[in-house]
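Data block for structure.pdb (PDB, C-alpha atoms):
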```pdb
ATOM      1  CA  MET X 105       7.780 -14.959  16.749  1.00  0.00           C
ATOM      2  CA  THR X 106       6.075 -16.744  13.878  1.00  0.00           C
ATOM      3  CA  TYR X 107       3.086 -15.691  11.818  1.00  0.00           C
ATOM      4  CA  GLN X 108       0.533 -17.902  10.131  1.00  0.00           C
ATOM      5  CA  LYS X 109      -2.966 -17.788   8.717  1.00  0.00           C
ATOM      6  CA  LEU X 110      -5.674 -18.765  11.173  1.00  0.00           C
ATOM      7  CA  THR X 111      -6.746 -22.384  10.782  1.00  0.00           C
ATOM      8  CA  GLU X 112      -9.786 -24.184  12.142  1.00  0.00           C
ATOM      9  CA  ASP X 113      -7.767 -25.964  14.853  1.00  0.00           C
ATOM     10  CA  LYS X 114      -6.951 -22.612  16.495  1.00  0.00           C
ATOM     11  CA  ILE X 115     -10.402 -21.029  16.162  1.00  0.00           C
ATOM     12  CA  ASP X 116     -11.465 -21.552  19.793  1.00  0.00           C
ATOM     13  CA  ILE X 117      -8.385 -19.727  21.129  1.00  0.00           C
ATOM     14  CA  PHE X 118      -8.889 -17.003  18.500  1.00  0.00           C
ATOM     15  CA  ILE X 119     -12.496 -16.562  19.667  1.00  0.00           C
ATOM     16  CA  GLN X 120     -11.425 -16.263  23.303  1.00  0.00           C
ATOM     17  CA  MET X 121      -8.910 -13.589  22.340  1.00  0.00           C
ATOM     18  CA  ARG X 122     -11.623 -11.753  20.362  1.00  0.00           C
ATOM     19  CA  ILE X 123     -13.873 -11.795  23.438  1.00  0.00           C
ATOM     20  CA  ASN X 124     -10.972 -10.562  25.595  1.00  0.00           C
ATOM     21  CA  GLN X 125     -10.422  -7.750  23.094  1.00  0.00           C
ATOM     22  CA  LEU X 126     -14.089  -6.724  23.204  1.00  0.00           C
ATOM     23  CA  ARG X 127     -14.038  -6.757  27.028  1.00  0.00           C
ATOM     24  CA  GLU X 128     -10.840  -4.692  27.100  1.00  0.00           C
ATOM     25  CA  GLU X 129     -12.549  -2.168  24.820  1.00  0.00           C
ATOM     26  CA  GLY X 130     -15.400  -1.847  27.326  1.00  0.00           C
ATOM     27  CA  ALA X 131     -18.064  -4.405  26.377  1.00  0.00           C
ATOM     28  CA  THR X 132     -20.053  -5.409  29.476  1.00  0.00           C
ATOM     29  CA  GLU X 133     -22.894  -7.461  28.005  1.00  0.00           C
ATOM     30  CA  ASP X 134     -23.468 -10.777  29.742  1.00  0.00           C
ATOM     31  CA  ILE X 135     -24.053 -13.098  26.774  1.00  0.00           C
ATOM     32  CA  ASP X 136     -22.125 -16.045  25.411  1.00  0.00           C
ATOM     33  CA  LEU X 137     -20.816 -14.675  22.124  1.00  0.00           C
ATOM     34  CA  ALA X 138     -18.606 -17.694  21.375  1.00  0.00           C
ATOM     35  CA  PRO X 139     -21.189 -19.774  19.425  1.00  0.00           C
ATOM     36  CA  ALA X 140     -22.091 -16.859  17.121  1.00  0.00           C
ATOM     37  CA  LEU X 141     -18.410 -16.042  16.548  1.00  0.00           C
ATOM     38  CA  LYS X 142     -17.606 -19.687  15.802  1.00  0.00           C
ATOM     39  CA  ASP X 143     -20.452 -19.850  13.277  1.00  0.00           C
ATOM     40  CA  TYR X 144     -19.354 -16.599  11.615  1.00  0.00           C
ATOM     41  CA  TYR X 145     -15.684 -17.537  11.335  1.00  0.00           C
ATOM     42  CA  ALA X 146     -16.409 -21.072  10.105  1.00  0.00           C
ATOM     43  CA  ARG X 147     -18.751 -19.870   7.353  1.00  0.00           C
ATOM     44  CA  HIS X 148     -16.666 -16.950   6.197  1.00  0.00           C
ATOM     45  CA  MET X 149     -13.302 -18.707   6.344  1.00  0.00           C
ATOM     46  CA  ALA X 150     -14.846 -21.487   4.230  1.00  0.00           C
ATOM     47  CA  ASP X 151     -16.131 -19.116   1.537  1.00  0.00           C
ATOM     48  CA  GLY X 152     -13.019 -16.915   1.568  1.00  0.00           C
ATOM     49  CA  THR X 153     -14.714 -13.753   2.863  1.00  0.00           C
ATOM     50  CA  PHE X 154     -12.797 -13.719   6.159  1.00  0.00           C
ATOM     51  CA  VAL X 155      -9.075 -14.147   6.660  1.00  0.00           C
ATOM     52  CA  SER X 156      -6.951 -13.824   9.755  1.00  0.00           C
ATOM     53  CA  TRP X 157      -3.267 -13.831  10.472  1.00  0.00           C
ATOM     54  CA  ILE X 158      -2.076 -14.731  13.950  1.00  0.00           C
ATOM     55  CA  ALA X 159       1.225 -14.265  15.779  1.00  0.00           C
ATOM     56  CA  LEU X 160       2.603 -17.168  17.781  1.00  0.00           C
ATOM     57  CA  ASP X 161       5.244 -17.442  20.459  1.00  0.00           C
ATOM     58  CA  GLY X 162       5.836 -21.170  20.282  1.00  0.00           C
ATOM     59  CA  ASP X 163       2.326 -22.642  20.351  1.00  0.00           C
ATOM     60  CA  LYS X 164       0.787 -19.669  22.149  1.00  0.00           C
ATOM     61  CA  ILE X 165      -1.270 -17.180  20.112  1.00  0.00           C
ATOM     62  CA  VAL X 166      -0.118 -13.723  21.176  1.00  0.00           C
ATOM     63  CA  GLY X 167      -1.634 -11.569  18.436  1.00  0.00           C
ATOM     64  CA  THR X 168      -4.636 -11.674  16.135  1.00  0.00           C
ATOM     65  CA  SER X 169      -5.985  -9.845  13.132  1.00  0.00           C
ATOM     66  CA  GLY X 170      -8.950 -10.237  10.853  1.00  0.00           C
ATOM     67  CA  MET X 171     -10.243  -8.943   7.549  1.00  0.00           C
ATOM     68  CA  SER X 172     -13.775  -9.483   6.282  1.00  0.00           C
ATOM     69  CA  PHE X 173     -14.493  -8.893   2.620  1.00  0.00           C
ATOM     70  CA  VAL X 174     -17.733  -7.268   1.493  1.00  0.00           C
ATOM     71  CA  GLU X 175     -18.945  -5.895  -1.779  1.00  0.00           C
ATOM     72  CA  LYS X 176     -21.129  -2.900  -2.442  1.00  0.00           C
ATOM     73  CA  PRO X 177     -21.955  -0.968  -5.573  1.00  0.00           C
ATOM     74  CA  PRO X 178     -18.793   0.520  -7.065  1.00  0.00           C
ATOM     75  CA  TYR X 179     -18.137   4.201  -6.477  1.00  0.00           C
ATOM     76  CA  PHE X 180     -15.398   6.595  -7.588  1.00  0.00           C
ATOM     77  CA  GLY X 181     -13.304   6.048  -4.463  1.00  0.00           C
ATOM     78  CA  CYS X 182     -13.614   2.253  -4.809  1.00  0.00           C
ATOM     79  CA  PRO X 183     -14.309   1.255  -8.431  1.00  0.00           C
ATOM     80  CA  SER X 184     -14.238  -2.483  -7.627  1.00  0.00           C
ATOM     81  CA  GLY X 185     -16.901  -2.114  -4.929  1.00  0.00           C
ATOM     82  CA  LYS X 186     -14.884  -4.603  -2.860  1.00  0.00           C
ATOM     83  CA  MET X 187     -14.027  -3.478   0.663  1.00  0.00           C
ATOM     84  CA  GLY X 188     -12.034  -4.948   3.500  1.00  0.00           C
ATOM     85  CA  LEU X 189     -13.385  -4.540   7.032  1.00  0.00           C
ATOM     86  CA  LEU X 190     -10.585  -4.741   9.563  1.00  0.00           C
ATOM     87  CA  SER X 191     -11.365  -6.446  12.873  1.00  0.00           C
ATOM     88  CA  SER X 192      -9.928  -8.580  15.637  1.00  0.00           C
ATOM     89  CA  MET X 193      -6.680  -6.637  15.985  1.00  0.00           C
ATOM     90  CA  PHE X 194      -5.448  -7.720  19.392  1.00  0.00           C
ATOM     91  CA  THR X 195      -2.060  -8.307  21.001  1.00  0.00           C
ATOM     92  CA  ASP X 196      -1.559  -9.993  24.366  1.00  0.00           C
ATOM     93  CA  PRO X 197      -0.612  -7.191  26.804  1.00  0.00           C
ATOM     94  CA  ALA X 198       2.739  -8.852  27.587  1.00  0.00           C
ATOM     95  CA  TYR X 199       3.688  -8.688  23.885  1.00  0.00           C
ATOM     96  CA  ARG X 200       2.635  -5.140  23.014  1.00  0.00           C
ATOM     97  CA  ARG X 201       4.946  -2.503  21.497  1.00  0.00           C
ATOM     98  CA  LYS X 202       7.087  -5.109  19.735  1.00  0.00           C
ATOM     99  CA  GLY X 203       5.788  -4.581  16.169  1.00  0.00           C
ATOM    100  CA  ILE X 204       3.442  -7.576  16.214  1.00  0.00           C
ATOM    101  CA  ALA X 205       0.261  -5.615  15.435  1.00  0.00           C
ATOM    102  CA  LYS X 206       1.999  -3.734  12.613  1.00  0.00           C
ATOM    103  CA  GLU X 207       3.134  -7.017  11.050  1.00  0.00           C
ATOM    104  CA  LEU X 208      -0.346  -8.525  11.370  1.00  0.00           C
ATOM    105  CA  LEU X 209      -1.916  -5.398   9.888  1.00  0.00           C
ATOM    106  CA  SER X 210       0.475  -5.564   6.922  1.00  0.00           C
ATOM    107  CA  ARG X 211      -0.498  -9.148   6.267  1.00  0.00           C
ATOM    108  CA  VAL X 212      -4.278  -8.633   6.332  1.00  0.00           C
ATOM    109  CA  VAL X 213      -3.991  -5.476   4.210  1.00  0.00           C
ATOM    110  CA  GLU X 214      -2.064  -7.554   1.670  1.00  0.00           C
ATOM    111  CA  GLU X 215      -4.909 -10.118   1.788  1.00  0.00           C
ATOM    112  CA  ALA X 216      -7.368  -7.298   1.025  1.00  0.00           C
ATOM    113  CA  ARG X 217      -5.196  -6.165  -1.871  1.00  0.00           C
ATOM    114  CA  ALA X 218      -5.060  -9.717  -3.255  1.00  0.00           C
ATOM    115  CA  TYR X 219      -8.845 -10.054  -2.913  1.00  0.00           C
ATOM    116  CA  GLY X 220      -9.234  -6.942  -5.065  1.00  0.00           C
ATOM    117  CA  CYS X 221     -10.412  -4.535  -2.389  1.00  0.00           C
ATOM    118  CA  GLY X 222     -10.268  -0.890  -3.347  1.00  0.00           C
ATOM    119  CA  THR X 223     -10.421   0.295   0.253  1.00  0.00           C
ATOM    120  CA  VAL X 224     -10.150  -0.932   3.838  1.00  0.00           C
ATOM    121  CA  GLN X 225     -12.514   0.284   6.533  1.00  0.00           C
ATOM    122  CA  ILE X 226     -11.025   0.626   9.997  1.00  0.00           C
ATOM    123  CA  THR X 227     -12.830   1.178  13.277  1.00  0.00           C
ATOM    124  CA  ALA X 228     -10.227   1.912  15.909  1.00  0.00           C
ATOM    125  CA  SER X 229     -10.106   1.563  19.656  1.00  0.00           C
ATOM    126  CA  ASP X 230      -8.056   4.167  21.493  1.00  0.00           C
ATOM    127  CA  MET X 231      -5.063   1.811  21.361  1.00  0.00           C
ATOM    128  CA  GLY X 232      -5.522   1.179  17.647  1.00  0.00           C
ATOM    129  CA  VAL X 233      -5.560   4.826  16.593  1.00  0.00           C
ATOM    130  CA  LEU X 234      -1.774   5.180  16.899  1.00  0.00           C
ATOM    131  CA  LEU X 235      -1.126   1.993  14.949  1.00  0.00           C
ATOM    132  CA  TYR X 236      -3.498   2.885  12.134  1.00  0.00           C
ATOM    133  CA  THR X 237      -2.387   6.486  11.803  1.00  0.00           C
ATOM    134  CA  SER X 238       1.241   5.368  11.588  1.00  0.00           C
ATOM    135  CA  PHE X 239       0.308   2.736   8.995  1.00  0.00           C
ATOM    136  CA  VAL X 240      -0.659   4.931   6.077  1.00  0.00           C
ATOM    137  CA  ILE X 241      -3.147   3.202   3.794  1.00  0.00           C
ATOM    138  CA  HIS X 242      -3.906   4.967   0.553  1.00  0.00           C
ATOM    139  CA  PRO X 243      -7.157   3.683  -1.026  1.00  0.00           C
ATOM    140  CA  LEU X 244      -5.676   3.735  -4.533  1.00  0.00           C
ATOM    141  CA  ALA X 245      -2.603   1.812  -3.352  1.00  0.00           C
ATOM    142  CA  LEU X 246      -4.797  -1.169  -2.543  1.00  0.00           C
TER     143      LEU X 246
END
```

Represent the structure of the file as structure tokens.
Amino acid sequence: MTYQKLTEDKIDIFIQMRINQLREEGATEDIDLAPALKDYYARHMADGTFVSWIALDGDKIVGTSGMSFVEKPPYFGCPSGKMGLLSSMFTDPAYRRKGIAKELLSRVVEEARAYGCGTVQITASDMGVLLYTSFVIHPLAL
């Protein structure tokens, strides 16, 4: 298993995995989300406000992660005002329970730390709850 930052040449596969993730989580809307996702990722990867790490088995992407960076007025719990929004955590079903998601999560949390985020916001699917509760993130540790 190798890990690397998402690059533009792998964005279409990343988008398909994101759509698969949303479907697995119960999304039933019948719209083509790919163009909007491609636009979002292209713009935010270019300006540094979105980063993703992917897991590869050979040339095949088997796991994804994403962290968007936003800024809001500083508050006591986050004096920098910079926040990471975790998204796109997905592992191919054949590769689950092998530590891939935990490794990807570690890498995007480190990206948030390097960006200066004081906190990371997580919205979890049922599958993600176990991963996130076992991966203790202390806001002040970021």

Counting all atoms listed in the file, the residue among X:Gly152, X:Ala131, X:Arg147, X:Met121 that lies closest to Ala216 in chain X is X:Gly152

Show me the residues around (1.7, -17.1, 13.5) - criterion: an atom at most 6 Å away, all atoms listed in the file counted - as a list in words.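 Residues with an atom at most 6 Å from (1.7, -17.1, 13.5): Thr106, Tyr107, Gln108, Ile158, Ala159 and Leu160 of chain X.
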
Write out as JSON, numbers by chain each polymer residue whose atoms come within 8 Å of Glu175 in chain X, counting only C-alpha atoms; drop sequence neighbours fewer than 4 positions from it. {"X": [185, 186, 187]}

Using only C-alpha atoms, find the one residue out of X:Arg200, X:Thr153, X:Ser192, X:Val166 that sits nearest to Gly220 in chain X. X:Thr153

Specify as a PyMOL selection string each residue included when the PyMOL selection byres ((chain X and resi 154) around 12) is applied to this file. chain X and resi 109-111+144-153+155-157+169-174+187-192+212+215-216+219

Box centre and edge lengths (Å, one decimal), axis-aligned, range 125-132 of chain X plus 3 Å each side, as JSON:
```
{"center_x": -15.2, "center_y": -4.8, "center_z": 26.3, "size_x": 15.6, "size_y": 11.9, "size_z": 12.4}
```

Name the residues that the PyMOL selection byres ((chain X and resi 196) around 12) picks from the file above, as a ChimeraX atom specification, using the file's chain letters and numbers. /X:118,120-122,124-125,128,158-161,164-168,193-195,197-202,204-205

Any chance you could export the current selection's C-alpha atoms as a PDB file, in the coordinates of the input?
```pdb
ATOM      1  CA  PHE X 118      -8.889 -17.003  18.500  1.00  0.00           C
ATOM      2  CA  GLN X 120     -11.425 -16.263  23.303  1.00  0.00           C
ATOM      3  CA  MET X 121      -8.910 -13.589  22.340  1.00  0.00           C
ATOM      4  CA  ARG X 122     -11.623 -11.753  20.362  1.00  0.00           C
ATOM      5  CA  ASN X 124     -10.972 -10.562  25.595  1.00  0.00           C
ATOM      6  CA  GLN X 125     -10.422  -7.750  23.094  1.00  0.00           C
ATOM      7  CA  GLU X 128     -10.840  -4.692  27.100  1.00  0.00           C
ATOM      8  CA  ILE X 158      -2.076 -14.731  13.950  1.00  0.00           C
ATOM      9  CA  ALA X 159       1.225 -14.265  15.779  1.00  0.00           C
ATOM     10  CA  LEU X 160       2.603 -17.168  17.781  1.00  0.00           C
ATOM     11  CA  ASP X 161       5.244 -17.442  20.459  1.00  0.00           C
ATOM     12  CA  LYS X 164       0.787 -19.669  22.149  1.00  0.00           C
ATOM     13  CA  ILE X 165      -1.270 -17.180  20.112  1.00  0.00           C
ATOM     14  CA  VAL X 166      -0.118 -13.723  21.176  1.00  0.00           C
ATOM     15  CA  GLY X 167      -1.634 -11.569  18.436  1.00  0.00           C
ATOM     16  CA  THR X 168      -4.636 -11.674  16.135  1.00  0.00           C
ATOM     17  CA  MET X 193      -6.680  -6.637  15.985  1.00  0.00           C
ATOM     18  CA  PHE X 194      -5.448  -7.720  19.392  1.00  0.00           C
ATOM     19  CA  THR X 195      -2.060  -8.307  21.001  1.00  0.00           C
ATOM     20  CA  PRO X 197      -0.612  -7.191  26.804  1.00  0.00           C
ATOM     21  CA  ALA X 198       2.739  -8.852  27.587  1.00  0.00           C
ATOM     22  CA  TYR X 199       3.688  -8.688  23.885  1.00  0.00           C
ATOM     23  CA  ARG X 200       2.635  -5.140  23.014  1.00  0.00           C
ATOM     24  CA  ARG X 201       4.946  -2.503  21.497  1.00  0.00           C
ATOM     25  CA  LYS X 202       7.087  -5.109  19.735  1.00  0.00           C
ATOM     26  CA  ILE X 204       3.442  -7.576  16.214  1.00  0.00           C
ATOM     27  CA  ALA X 205       0.261  -5.615  15.435  1.00  0.00           C
TER      28      ALA X 205
END
```

Atom pair CA of Asp136 in chain X / CA of Ile117 in chain X: separation (Å):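 According to the coordinates, CA of Asp136 in chain X and CA of Ile117 in chain X are separated by 14.9 Å.
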
Atomic separation - CA of Lys142 in chain X relative to CA of Lys176 in chain X, Å: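 A separation of 25.0 Å between them.
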
Report the distance between CA of Cys221 in chain X and CA of Tyr179 in chain X in Å, rounded to one decimal place.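 Computing the Euclidean distance for CA of Cys221 in chain X and CA of Tyr179 in chain X yields 12.4 Å.
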
Looking at X:Ile119, X:Met105, X:Ala218, X:Leu209, which one is nearest to Asp143 in chain X, with distances taken over all atoms listed in the file?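 Looking only at the distances to Asp143 in chain X, the closest residue turns out to be X:Ile119.
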